[in-house]
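S.K.: Below is a structure I'd like to ask you about.
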Amino acid sequence: MSNLKSMQTIAAGVTGLLLIAVSAGVQAQQLCSNITGTQNGFYYTFWKDSGDACMTLGSAGNYSSSWTNKTNNWVGGKGWKPGARRVISYSGSYSANGTSYLAVYGWTRSPLIEYYIVENWINYNPSQGGTPLGSVNVDGSTYTILRTLRQQQPSIDGTQTFYQYWSVRQNKRTSGTVNVPAHFDAWAALNLNLGTHDYQVMATEGYQSSGQSNITVSESGSSSSSSSSSSSSSSSSSSSSSSSSSSSSSSSSTSGGGTCSNTVPVGTTNSGNFNTTGAYCFRTQMSIAGWGVSNFTGRTISVTVNGAGTAVTTVGAALPAKGATDYYHFNSSAGSFNYAAVYWW
């Protein structure tokens, strides 16, 4: 489990504005005490347990931060409240000596969940902090998915026991686009279900380290707020226990993109777990702006309109246009995991 402590939301009345400066007509606020609020249309949060960490709010979605090893743990960032199935773009600079993360960070209630989509980490890889449940391939990299348990730790609802959900990027970066819905759907396929969203920010976090960041965040788009979950009666730290109610049909053929004789109508935003290591197929009439796969080791995939025409065989590639009554047919070959899944938005 990560040594980093959870961010605790403090009432907005706490005094945290130590300096207000005006530069080029834009108000910049430096935060050095625990505080949350809104500025220039963006929600911000800043928390530390000690030390000299500070965060400066720039224009629009920009913020900068600096800290030394006098600070035990701090975290802060800019984004939105409530969180949502949005596509987030970010850019800037980030460096640290010691343990630190750059991540999409948020909370939900009912259930109380703290989640991280880690884009960059320094010194400590958070995927080492628990048992990997699976992976998702999106935005040019594989992300390791895991769940950790926090017992009687700070949360947005005071001291509580709650789960953390993690997607940890293998190819680290400091700028890019994060398809948040793809992560939510990949988690849901593993029975890692979220609740009602509180806040969602692009955060910098430091633990017993020193460093700096200068990050600008914006929203690139959004996806349907609908989500689907699997029918497993309980979540487990072992992904192999996950199951889905979306289908019990599967194919028996295993060549190429995975041809099959049966298709399965899917009216949600993910296929659910395949529940077989064999070839599998399904179809959906949903309009699809983008798509991805999770736990697909050893598999290939082929996507067509109505099972005919030129097939798309590259994961995440644009799909051909279809009519309102047409179906996208997804055909997967056999693979290593019976909890493989496809998701879309």
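FYI, nothing fancy with the structure tokens labels: chains A, B, ... in order, residues from 1 per chain, ligands from 1 as they appear.
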Report as JSON, numbers by chain all protein, DNA and RNA residues lying within 8 Å of stretch 112-128 of chain A, evaluated on only C-alpha atoms, omitting residues in the same chain fewer than 6 positions from it.
M.R.: {"A": [1, 2, 6, 96, 97, 98, 99, 100, 101, 102, 103, 104, 105, 106, 144, 145, 146, 162, 163, 164, 165, 166, 167, 168, 169, 172, 173, 174, 183, 194, 195]}
S.K.: So that I can check the secondary structure, give me every residue of stretch 166-209 of chain A assigned strand (DSSP E) by backbone DSSP, as a list in words.
M.R.: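 Residues of stretch 166-209 of chain A classed as strand (DSSP E): Trp166, Ser167, Val168, Arg169, Gly176, Thr177, Val178, Asn179, Thr196, His197, Asp198, Tyr199, Gln200, Val201, Met202, Ala203, Thr204, Glu205, Gly206, Tyr207, Gln208 and Ser209 of chain A.
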S.K.: Restrict the selected residues to N, CA, C and O atoms and save them as a short mmCIF file (atom, residue, chain, number, x, y, z; two decimals), in the first residue's frame.
M.R.:
```
data_model
loop_
_atom_site.label_atom_id
_atom_site.label_comp_id
_atom_site.auth_asym_id
_atom_site.auth_seq_id
_atom_site.Cartn_x
_atom_site.Cartn_y
_atom_site.Cartn_z
N TRP A 166 -6.92 2.50 -8.35
CA TRP A 166 -5.74 3.03 -9.03
C TRP A 166 -5.68 2.55 -10.48
O TRP A 166 -5.93 1.38 -10.77
N SER A 167 -5.33 3.45 -11.38
CA SER A 167 -4.81 3.12 -12.71
C SER A 167 -3.44 3.79 -12.79
O SER A 167 -3.35 5.01 -12.65
N VAL A 168 -2.39 3.00 -13.00
CA VAL A 168 -1.03 3.54 -12.98
C VAL A 168 -0.42 3.36 -14.36
O VAL A 168 -0.23 2.23 -14.84
N ARG A 169 -0.09 4.46 -14.99
CA ARG A 169 0.42 4.46 -16.35
C ARG A 169 1.84 3.90 -16.39
O ARG A 169 2.69 4.26 -15.57
N GLY A 176 -0.66 15.49 -21.73
CA GLY A 176 -1.43 14.56 -22.55
C GLY A 176 -2.91 14.70 -22.30
O GLY A 176 -3.39 15.66 -21.68
N THR A 177 -3.65 13.72 -22.79
CA THR A 177 -5.10 13.66 -22.62
C THR A 177 -5.45 12.38 -21.88
O THR A 177 -4.95 11.30 -22.20
N VAL A 178 -6.29 12.49 -20.87
CA VAL A 178 -6.69 11.34 -20.05
C VAL A 178 -8.16 11.03 -20.32
O VAL A 178 -9.04 11.85 -20.03
N ASN A 179 -8.40 9.88 -20.88
CA ASN A 179 -9.77 9.43 -21.15
C ASN A 179 -10.33 8.82 -19.86
O ASN A 179 -10.30 7.61 -19.66
N THR A 196 -21.40 8.49 -6.07
CA THR A 196 -21.73 9.85 -6.50
C THR A 196 -20.49 10.71 -6.40
O THR A 196 -19.85 10.78 -5.35
N HIS A 197 -20.16 11.39 -7.48
CA HIS A 197 -18.88 12.11 -7.55
C HIS A 197 -18.87 13.35 -6.68
O HIS A 197 -19.83 14.13 -6.65
N ASP A 198 -17.76 13.54 -5.97
CA ASP A 198 -17.46 14.79 -5.30
C ASP A 198 -16.52 15.56 -6.23
O ASP A 198 -16.90 15.88 -7.34
N TYR A 199 -15.28 15.83 -5.85
CA TYR A 199 -14.43 16.61 -6.75
C TYR A 199 -13.51 15.72 -7.58
O TYR A 199 -13.34 14.52 -7.31
N GLN A 200 -12.90 16.34 -8.60
CA GLN A 200 -12.00 15.64 -9.54
C GLN A 200 -10.98 16.67 -10.02
O GLN A 200 -11.35 17.66 -10.65
N VAL A 201 -9.70 16.46 -9.70
CA VAL A 201 -8.68 17.45 -10.04
C VAL A 201 -7.47 16.76 -10.68
O VAL A 201 -7.28 15.56 -10.54
N MET A 202 -6.68 17.56 -11.37
CA MET A 202 -5.36 17.11 -11.83
C MET A 202 -4.39 17.51 -10.75
O MET A 202 -4.06 18.69 -10.59
N ALA A 203 -3.93 16.55 -9.97
CA ALA A 203 -3.23 16.83 -8.72
C ALA A 203 -1.74 16.54 -8.79
O ALA A 203 -1.29 15.64 -9.50
N THR A 204 -1.00 17.31 -8.01
CA THR A 204 0.38 17.00 -7.67
C THR A 204 0.40 16.56 -6.21
O THR A 204 -0.26 17.18 -5.37
N GLU A 205 1.15 15.50 -5.92
CA GLU A 205 1.24 15.03 -4.54
C GLU A 205 2.69 14.73 -4.20
O GLU A 205 3.43 14.19 -5.03
N GLY A 206 3.09 15.08 -3.00
CA GLY A 206 4.45 14.82 -2.55
C GLY A 206 4.47 14.19 -1.18
O GLY A 206 3.65 14.55 -0.32
N TYR A 207 5.38 13.25 -0.97
CA TYR A 207 5.52 12.59 0.33
C TYR A 207 7.00 12.50 0.68
O TYR A 207 7.78 11.87 -0.02
N GLN A 208 7.38 13.17 1.77
CA GLN A 208 8.77 13.16 2.22
C GLN A 208 9.72 13.39 1.05
O GLN A 208 10.65 12.62 0.80
N SER A 209 9.48 14.47 0.34
CA SER A 209 10.22 14.77 -0.88
C SER A 209 10.30 16.28 -1.06
O SER A 209 9.79 17.05 -0.25
#
```
S.K.: From the set A:Trp344, A:Tyr94, A:Tyr280, A:Trp67, which residue has the shortest atom-to-atom contact distance to A:Ser50, counting only C-alpha atoms?
M.R.: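 Among A:Trp344, A:Tyr94, A:Tyr280, A:Trp67, it is A:Trp67 that comes nearest to A:Ser50.
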S.K.: What's around A:Thr314 at 9 Å? Count only C-alpha atoms, leave out sequence neighbours fewer than 6 positions away in its own chain, and write the answer as a PDB file with C-alpha atoms, in the first residue's frame.
M.R.:
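Heads up, here's the output in out-v6.pdb:
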```
ATOM      1  CA  THR A 300      -6.647  -9.965 -31.013  1.00  0.00           C
ATOM      2  CA  ILE A 301      -9.838  -8.163 -31.943  1.00  0.00           C
ATOM      3  CA  SER A 302     -11.773  -7.343 -35.086  1.00  0.00           C
TER       4      SER A 302
END
```
S.K.: Write out as a PyMOL selection string the set of residues from stretch 45-207 of chain A that DSSP, computed on the backbone, places in helix (DSSP H, G or I).
M.R.: chain A and resi 126-129+180-189
S.K.: For A:Tyr327, which residue out of A:Ser287, A:Ala186, A:Ile88, A:Val315 is the nearest one, using only C-alpha atoms?
M.R.: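 Closest candidate: A:Ser287.
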